[in-house]
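To start, the structure under review is shown below, and the notes come after it.
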Amino acid sequence: MQDFKLDKILPLVQKPARYVGGELNSVTKDKDKVDIRYAFCFPDSYEIGMSHLGIKILYSVANAREDTWCERVFAPWPDMEEKMRENNIPLFALESGDAIKDFDFIGFTLQYELCYTNVLNMLDLAGLPVKAKDRKGLAPIVMGGGPCACNPEPIAEFFDLFSLGEGEELNSEIMDLYKEHKKRGSTKEEFLVDAAKIEGVYVPSLYDISYNEDGTVKAVTPKNGAPEKVTKRIIKDLDSVFYPEDFVVPFIDVVHDRVTHEIFRGCIRGCRFCQAGFLYRPIREKSPEVINEQCKKLCETTGYDEISLCSLSSSDYTKMEELLNLLLDWTGEKKINVALPSLRVDNFSEELMKKLTGVRKSGLTFAPEAGTQRMRDVINKNVTEEEMLETARIAFSGGYCAVKLYFMLGLPTETDEDVEGIGKLAKKVVDEFYNNPDRPQGKGVTVGVSASSFVPKPFTPFQWEPQATQDELKAKQEHLKDTLPSKKINVSFHHIPTSFLEGVFARGDRRLSEVIELAWRKGCKFDGWGDMFLYEKWLEAFEETNVAPEFYANRKREYEEILPWDHLDYGVSKKFLINENKKAHNAETTAHCRQKCAGCGANKLNGGHCDV
Amino acid sequence: MFEVRLRLSKTGKLKYVSHLDMFRIMQRAVRRADIPLWYTEGFNPHPYISFLLALSLGVEGINEPVDIRIVGEMTTAEIKDRLNNVLPAGLEITDCSLPFNKSAEITYGAYDVWYSKEDISSDKLFEALSSGELSCQKSGKSGRKKIMKTVNVSEHIKKFSLEEADGMILLKVILPAGSTFNLNPLQLTQSVGDYLGISLTPVRAVRTALLCEDLSEFR
């Protein structure tokens with residue numbers, strides 16, 4: 001429909017192939033023969049969105065339904081947006097080129113807090129009001145999912161519903177219900193009241209929030225039969241759950257362009273800062289045979305020459321040896337590489353490395369997260385210095401000469417000594433290289449230290465902790481730089497205001513909707529992209545709406561306080577989180593799930609079972 | 001090991017896919033088609049796939065030569081069929097045969113360029129193309145520095161003809177192509193627009209063939 005208009009503007013924008021669809025394995029259907037049109041939106045660029053596994057899975061799940069045509073939508077880059085607005089081209093779906101305004105569902109995956117303004121911008125580009133209450137008809141239903149749905153309060157006013165947890169089954173149930181209501185000619189409200197009865201569906205408009213004088217939440221009151229607590233959904237059996245037989249293969253280069261396969265969900269480790277480690281519990285593994293067959297199929301249908309096995313901590317997969325043997329049996333001959341990101345330092349073995357070292361030996365990345373043992377005990381990152389140095393030794397003997405170390409600054413209880421510890425640890429890694437007789441000859445070592453700023457997140461033991469203020473973070477960065485003991489260490493930091501804003505949204509409440517809308521109206525978008533981040537505009541937006549961002553980011557909460565996300569249940573109990581928080585302050589560690597069950601409570605979602 | 005020359009048609013939306021991306025797209029297609037490719041030897045083996053001449057972003061091609069190297073036995077007919085079974089819409093192999101010319105023999109490209117009558121008239125277009133005064137800016141190098149150079153376009157138009165079809169103006173034009181100097185129909189259009197003082201973009205531009213110096217078809 002819009003082809004002609006598009007052909008006029010596409011030659012004028014960067015990477016026009018982002019906007020034309022038609023990639024291998026993209027799904028085209030007859031729009032007159034489907035009941036539901038679903039726009040699956042990723043509120044970031046094509047290159048980022050197309051790298052995401054979740055969208056590939058849910059796209060295929062939806063399109064496996066004969067009655068549904070699911071299409072992809074990404075945030076147009078600003079040069080494209082400008083041309084679209086100039087030429088009155090509304091936001092369209094890639095497969096059909098049709099405007100998404102008239103679709104039945106517009107679903108956003110919310111992977112990080114700094115994409116919120118892009119959500120608003122995309123709704124606006126589509127020609128829709130950004131606030132849910134201003135979108136009167138049944139369609140489109142604007143829904144959100146993904147990790148940020150665990151505290152969707154800051155963006156609650158823009159969405160009709162959120163789906164909590166894993167979407168493979170839940171999304172279909174929502175669509176089935178919608179279809180009934182569409183036939184019946186229901187209003188949006190009628191549909192939403194019914195949808196709220198599905199386990200895992202959170203309809204924010206069905207909850208009234210009241211506040212105390214000090215600004216904290218006083219009560220969350222459900223109405224119209226909405227449940228008091230909404231519990232996230234999980235897939236109980238990963239072997240039998242739907243997995244795509246093909247992926248859309250982009251024409252252009254994207255960030256992760258390969259076969260990706262999830263080997264398990266959940267994590268046994270319980271690092272106290274890590275939201276994913278708690279959100280995705282309980283741990284469930286997929287069997288090596290199933291993974292192997294699915295990888296084979298995907299390689300055949302895509303032509304990819306790389307398989308990446310992903311999870312939160314891949315070396316914790318109990319059947320890794322078996323899986324690698326199955327995979328390496330056929331991938332070598334077909335010249336397919338197997339990559340294994342997210343390895344832990346403590347069980348990184350020489351043998352594993354030999355199996356995985358194809359040809360490229362560039363850099364190796366580890367995440368000690370903190371510089372001293374005390375600090376690592378606080379965050380429950382159960383890795384010792386000896387283990388890390390041993391890993392570095394193996395890596396250097398194996399031919400690596402660049403190591404990147406990830407740390408966080410601003411962790412709870414952190415002292416100057418802990419900050420200095422980062423530099424000291426990095427220096428020991430440098431020394432390990434020069435003391436290693438088997439090191440790559442004729443080469444120097446580079447040790448990269450990347451120090452991000454810690455952001456406390458909901459559903460972690462640190463959800464009550466104040467985020468370090470911007471001044472404190474600045475001082476910590478300076479201190480780290482000033483105490484670096486070697487010139488072989490390159491240190492890089494995260495942008496502080498960006499982390500601050502992330503901290504505000506992560507634990508924010510509904511009053512932030514107004515701020516986000518205003519900031520967007522002032523021109524904020526792509527906030528996660530450093531060069532497009534407009535901090536001044538954000539500060540103006542906070543000031544003009546009379547909202548103090550520090551209240552959300554830098555305030556210590558009491559255990560008794562009602563948190564804005566307390567009516568959402570991700571399996572892990574508050575009692576467990578409180579206990580973990582107390583242990584953190586005593587620098588006491590908690591053993592991982594396979595050593596001893598810590599009783600987090602998430603197994604209730606899976607009939608009391610964990611794959612430990 | 002033997003080399004075959006594919007003829008690739010790249011039309012429709014695929015015109016927005018860059019030359020650089022095409023290598024990866026073909027590499028994956030050949031893998032899906034399970035064609036036994038010859039891999040380069042060395043540290044980082046990769047299949048031998050060579051697009052003889054880049055096609056500019058925004059220009060379609062219906063006869064683009066791509067050379068690949070095969071090990072083992074497979075007929076050219078089977079190679080063609082297998083690839084066509086796995087290529088995305090917009091890409092098609094129209095021929096597969098043994099190479100005849102050497103890539104260095106490519107001298108010209110033949111293009112069909114359509115213009116909307118709303119944008120320009122045949123007379124104006126003819127006037128501009130015959131003026132002898134068309135020029136455009138091309139990026140070039142002076143030593144190591146990147147600079148913009150003014151190129152006389154008119155002297156590079158080897159041949160052109162105009163006709164009207166389907167309510168549009170069809171320009172058939174032969175422009176230099178190859179390893180030494182290239183001029184693409186979008187640059188030509190730009191220079192026509194500059195000459196006439198209007199903003200002009202073609203509705204469609206297609207490379208129909210590559211030619212050798214004597215204007216015989218490159219095979």
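Each chain in the structure tokens gets a letter, A, B and so on, in the order shown; residues start at 1 in every chain, and ligands are counted from 1 in the order they appear.
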
For a quick test of understanding: name the residues of chain B lying within 7 Å of chain A when counting only C-alpha atoms, and present them as a JSON list (two decimals) with N, CA, C and O atoms, in the first residue's frame.
```json
[["chain", "number", "residue", "atom", "x", "y", "z"],
["B", 13, "LYS", "N", 12.31, -5.20, -3.26],
["B", 13, "LYS", "CA", 12.87, -4.69, -2.00],
["B", 13, "LYS", "C", 14.36, -4.97, -1.86],
["B", 13, "LYS", "O", 15.05, -4.28, -1.12],
["B", 16, "TYR", "N", 17.40, -2.59, -1.73],
["B", 16, "TYR", "CA", 17.87, -1.87, -0.55],
["B", 16, "TYR", "C", 18.92, -2.64, 0.26],
["B", 16, "TYR", "O", 19.35, -2.19, 1.31],
["B", 17, "VAL", "N", 19.26, -3.81, -0.25],
["B", 17, "VAL", "CA", 20.28, -4.60, 0.44],
["B", 17, "VAL", "C", 21.64, -4.31, -0.18],
["B", 17, "VAL", "O", 21.79, -4.37, -1.41],
["B", 21, "ASP", "N", 26.20, -6.85, 2.33],
["B", 21, "ASP", "CA", 25.28, -7.82, 2.91],
["B", 21, "ASP", "C", 25.03, -9.00, 1.98],
["B", 21, "ASP", "O", 24.70, -10.10, 2.43],
["B", 25, "ILE", "N", 24.35, -13.19, 2.53],
["B", 25, "ILE", "CA", 23.07, -13.77, 2.11],
["B", 25, "ILE", "C", 23.33, -14.96, 1.18],
["B", 25, "ILE", "O", 22.72, -16.02, 1.31],
["B", 28, "ARG", "N", 24.85, -18.02, 3.06],
["B", 28, "ARG", "CA", 23.85, -18.80, 3.78],
["B", 28, "ARG", "C", 22.96, -19.58, 2.82],
["B", 28, "ARG", "O", 22.56, -20.71, 3.11],
["B", 29, "ALA", "N", 22.66, -18.97, 1.69],
["B", 29, "ALA", "CA", 21.82, -19.67, 0.71],
["B", 29, "ALA", "C", 22.52, -20.92, 0.22],
["B", 29, "ALA", "O", 21.92, -21.99, 0.11],
["B", 31, "ARG", "N", 24.66, -22.65, 1.76],
["B", 31, "ARG", "CA", 24.65, -23.65, 2.84],
["B", 31, "ARG", "C", 23.30, -24.35, 2.91],
["B", 31, "ARG", "O", 23.23, -25.56, 3.05],
["B", 32, "ARG", "N", 22.24, -23.57, 2.82],
["B", 32, "ARG", "CA", 20.90, -24.18, 2.87],
["B", 32, "ARG", "C", 20.69, -25.11, 1.68],
["B", 32, "ARG", "O", 20.04, -26.13, 1.78],
["B", 44, "ASN", "N", 41.28, -18.78, 8.63],
["B", 44, "ASN", "CA", 39.86, -18.57, 8.81],
["B", 44, "ASN", "C", 39.12, -18.94, 7.52],
["B", 44, "ASN", "O", 38.74, -18.07, 6.75],
["B", 58, "GLY", "N", 19.81, 0.74, -4.07],
["B", 58, "GLY", "CA", 18.69, 1.39, -4.73],
["B", 58, "GLY", "C", 18.53, 1.01, -6.19],
["B", 58, "GLY", "O", 17.54, 1.35, -6.81],
["B", 88, "PRO", "N", 15.43, -16.17, -0.82],
["B", 88, "PRO", "CA", 14.24, -15.38, -0.46],
["B", 88, "PRO", "C", 13.67, -14.68, -1.69],
["B", 88, "PRO", "O", 14.37, -14.49, -2.69]]
```

Worksheet entry | Near-stretch 55-70 of chain A list (7 Å; only C-alpha atoms; drop same-chain fewer than 5 positions) as a PyMOL selection string | chain A and resi 29+34-40+168+242-244+247

Written selection (C-alpha atoms) as a PDB file, in the first residue's frame:
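Output contents, as saved in part.pdb:
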```pdb
ATOM      1  CA  LYS A  29      -0.350 -14.481   5.224  1.00  0.00           C
ATOM      2  CA  VAL A  34      -6.925 -14.342   9.668  1.00  0.00           C
ATOM      3  CA  ASP A  35      -8.910 -13.182  12.697  1.00  0.00           C
ATOM      4  CA  ILE A  36      -6.078 -11.571  14.599  1.00  0.00           C
ATOM      5  CA  ARG A  37      -3.392  -9.223  13.402  1.00  0.00           C
ATOM      6  CA  TYR A  38      -0.585  -8.892  15.880  1.00  0.00           C
ATOM      7  CA  ALA A  39       2.161  -6.268  15.743  1.00  0.00           C
ATOM      8  CA  PHE A  40       5.126  -7.506  17.738  1.00  0.00           C
ATOM      9  CA  GLU A 168       4.618 -19.200  24.879  1.00  0.00           C
ATOM     10  CA  PHE A 242       7.050 -24.931  21.080  1.00  0.00           C
ATOM     11  CA  TYR A 243      10.399 -23.933  19.618  1.00  0.00           C
ATOM     12  CA  PRO A 244      10.743 -22.363  16.155  1.00  0.00           C
ATOM     13  CA  PHE A 247      14.331 -17.882  12.388  1.00  0.00           C
TER      14      PHE A 247
END
```

Write out as a short mmCIF file (atom, residue, chain, number, x, y, z; two decimals) with N, CA, C and O atoms, in the first residue's frame the set of residues from stretch 126-208 of chain B that DSSP, computed on the backbone, places in helix (DSSP H, G or I).
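Output saved as out.cif:
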```
data_model
loop_
_atom_site.label_atom_id
_atom_site.label_comp_id
_atom_site.auth_asym_id
_atom_site.auth_seq_id
_atom_site.Cartn_x
_atom_site.Cartn_y
_atom_site.Cartn_z
N PHE B 126 15.91 14.69 -22.57
CA PHE B 126 16.75 14.60 -23.76
C PHE B 126 17.71 15.78 -23.81
O PHE B 126 18.90 15.63 -24.07
N GLU B 127 17.16 16.94 -23.50
CA GLU B 127 17.98 18.16 -23.52
C GLU B 127 19.15 18.03 -22.55
O GLU B 127 20.31 18.30 -22.89
N ALA B 128 18.85 17.56 -21.35
CA ALA B 128 19.90 17.44 -20.34
C ALA B 128 20.95 16.41 -20.76
O ALA B 128 22.15 16.67 -20.67
N LEU B 129 20.48 15.28 -21.25
CA LEU B 129 21.41 14.20 -21.59
C LEU B 129 22.28 14.57 -22.79
O LEU B 129 23.39 14.06 -22.94
N SER B 130 21.78 15.45 -23.67
CA SER B 130 22.56 15.83 -24.85
C SER B 130 23.37 17.10 -24.62
O SER B 130 24.08 17.55 -25.51
N SER B 154 28.69 13.88 -18.66
CA SER B 154 28.31 13.80 -20.08
C SER B 154 29.29 12.98 -20.91
O SER B 154 28.90 12.16 -21.74
N GLU B 155 30.58 13.19 -20.66
CA GLU B 155 31.55 12.49 -21.50
C GLU B 155 31.58 10.99 -21.21
O GLU B 155 32.19 10.23 -21.96
N HIS B 156 30.93 10.57 -20.12
CA HIS B 156 30.92 9.15 -19.80
C HIS B 156 29.66 8.43 -20.26
O HIS B 156 29.55 7.22 -20.11
N PRO B 185 23.30 4.92 -12.39
CA PRO B 185 22.17 5.70 -12.93
C PRO B 185 21.60 6.70 -11.92
O PRO B 185 20.95 7.66 -12.31
N LEU B 186 21.84 6.47 -10.62
CA LEU B 186 21.34 7.43 -9.63
C LEU B 186 22.19 8.69 -9.66
O LEU B 186 21.68 9.81 -9.54
N GLN B 187 23.50 8.51 -9.86
CA GLN B 187 24.38 9.68 -10.00
C GLN B 187 24.04 10.44 -11.28
O GLN B 187 24.00 11.67 -11.31
N LEU B 188 23.76 9.68 -12.33
CA LEU B 188 23.38 10.32 -13.59
C LEU B 188 22.11 11.14 -13.39
O LEU B 188 22.02 12.31 -13.82
N THR B 189 21.12 10.54 -12.71
CA THR B 189 19.86 11.23 -12.47
C THR B 189 20.07 12.50 -11.65
O THR B 189 19.51 13.55 -11.95
N GLN B 190 20.91 12.38 -10.66
CA GLN B 190 21.23 13.53 -9.82
C GLN B 190 21.81 14.67 -10.66
O GLN B 190 21.43 15.84 -10.52
N SER B 191 22.70 14.31 -11.58
CA SER B 191 23.33 15.36 -12.38
C SER B 191 22.34 15.97 -13.36
O SER B 191 22.40 17.17 -13.65
N VAL B 192 21.39 15.15 -13.83
CA VAL B 192 20.33 15.71 -14.69
C VAL B 192 19.50 16.70 -13.88
O VAL B 192 19.20 17.81 -14.33
N GLY B 193 19.15 16.28 -12.66
CA GLY B 193 18.37 17.15 -11.79
C GLY B 193 19.11 18.45 -11.51
O GLY B 193 18.52 19.54 -11.59
N ASP B 194 20.40 18.36 -11.21
CA ASP B 194 21.21 19.55 -10.94
C ASP B 194 21.23 20.48 -12.16
O ASP B 194 21.11 21.69 -12.04
N TYR B 195 21.38 19.86 -13.32
CA TYR B 195 21.46 20.65 -14.56
C TYR B 195 20.17 21.42 -14.80
O TYR B 195 20.17 22.58 -15.18
N LEU B 196 19.03 20.74 -14.51
CA LEU B 196 17.74 21.38 -14.76
C LEU B 196 17.23 22.18 -13.57
O LEU B 196 16.19 22.83 -13.64
#
```

Discussion item. For the structure I just gave you, how does DSSP split stretch 22-127 of chain B - specifically, which residues are strand (DSSP E)? Reply as an MDAnalysis selection string.
Written reply: chainID B and resid 49:51 60:70 91:97 108:116

Worksheet item: When you draw a straight line from atom CA of A:Pro90 to atom CA of A:Ala195, how long is it in Å?
Response: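 Separation between atom CA of A:Pro90 and atom CA of A:Ala195: 28.9 Å.
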
Discussion item. Counting only C-alpha atoms, which residue out of A:Ile268, A:Ala519, A:Cys274, A:Leu323 sits closest to A:Ala598?
Written reply: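 Nearest candidate to A:Ala598 out of A:Ile268, A:Ala519, A:Cys274, A:Leu323: A:Ile268.
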
Item to complete: Identify, on the basis of only C-alpha atoms, every residue whose closest approach to B:Leu215 does not exceed 12 Å; exclude the query and any residue fewer than 4 positions from it along the same chain; express the result as a list in words.
Response: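 Near B:Leu215, the qualifying residues are Glu105, Ile106, Thr107, Tyr108, Gly109, Ala110, Lys158, Lys159, Ile174, Leu175, Pro176, Ala177, Ala209, Leu210, Leu211 and Arg219 of chain B.
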
Worksheet entry | For atom CA of A:Gly530 and atom CA of A:Glu81, the interatomic separation in Å (one decimal) | 18.7 Å

Item to complete: Check the smallest atom-to-atom distance from each of B:Leu170, B:Leu183, B:Val86, B:Cys212 to B:Lys138 using only C-alpha atoms, then report the winner.
Response: B:Leu183

Practice prompt. Name the closest residue to A:Gly398 among the candidates A:Gln111, A:Gln441, A:Thr483, A:Thr545; distances are taken between atoms, counting only C-alpha atoms.
Written response: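 Closest residue, counting only C-alpha atoms: A:Gln441.
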
Item to complete: Extract, using only C-alpha atoms, all DNA, RNA and protein residues at most 10 Å from A:Pro129, discarding same-chain residues fewer than 6 positions from it, and format them as a list in words.
Response: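 So, after excluding close chain neighbours, the residues are Leu120, Leu123, Arg135, Lys136 and Phe158 of chain A.
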
Just all heavy atoms for this one: save the residues we selected as a compact mmCIF listing (two decimals), in the first residue's frame.
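Below is the file result.txt, written as the result:
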```txt
# COMPACT_ATOMS: atom_id res chain seq x y z
N LEU A 120 6.44 5.04 23.71
CA LEU A 120 5.52 6.14 23.47
C LEU A 120 5.66 6.69 22.05
O LEU A 120 4.68 6.96 21.36
CB LEU A 120 5.77 7.28 24.48
CG LEU A 120 5.00 7.18 25.79
CD1 LEU A 120 5.38 5.93 26.56
CD2 LEU A 120 5.21 8.41 26.64
N LEU A 123 3.95 4.36 19.57
CA LEU A 123 2.49 4.49 19.61
C LEU A 123 2.07 5.75 18.88
O LEU A 123 1.13 5.76 18.07
CB LEU A 123 1.99 4.53 21.06
CG LEU A 123 2.05 3.20 21.84
CD1 LEU A 123 1.71 3.44 23.31
CD2 LEU A 123 1.11 2.17 21.24
N ARG A 135 -7.50 5.45 24.32
CA ARG A 135 -7.72 4.55 23.19
C ARG A 135 -9.00 3.78 23.48
O ARG A 135 -9.01 2.80 24.21
CB ARG A 135 -6.53 3.58 23.02
CG ARG A 135 -5.21 4.29 22.70
CD ARG A 135 -4.12 3.28 22.37
NE ARG A 135 -3.83 2.39 23.48
CZ ARG A 135 -2.80 2.55 24.33
NH1 ARG A 135 -1.97 3.56 24.19
NH2 ARG A 135 -2.61 1.67 25.31
N LYS A 136 -10.11 4.23 22.88
CA LYS A 136 -11.41 3.78 23.37
C LYS A 136 -11.85 2.41 22.84
O LYS A 136 -12.49 1.66 23.56
CB LYS A 136 -12.48 4.83 23.00
CG LYS A 136 -12.14 6.24 23.44
CD LYS A 136 -12.36 6.42 24.93
CE LYS A 136 -12.15 7.90 25.29
NZ LYS A 136 -11.95 8.08 26.73
N PHE A 158 0.18 3.61 29.96
CA PHE A 158 0.24 3.53 28.50
C PHE A 158 -0.23 2.18 27.97
O PHE A 158 -0.40 2.00 26.78
CB PHE A 158 1.67 3.81 28.02
CG PHE A 158 2.27 5.04 28.66
CD1 PHE A 158 3.40 4.95 29.46
CD2 PHE A 158 1.68 6.27 28.46
CE1 PHE A 158 3.92 6.09 30.06
CE2 PHE A 158 2.21 7.42 29.05
CZ PHE A 158 3.34 7.32 29.87
```

Practice prompt. Can you pull out every residue within 9 Å of B:Ser103, counting only C-alpha atoms, but drop anything in the same chain fewer than 3 positions away, and send it as a list in words?
Written response: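 So, after excluding close chain neighbours, the residues are Leu52, Leu53, Ile106, Gly178, Ser179 and Phe218 of chain B.
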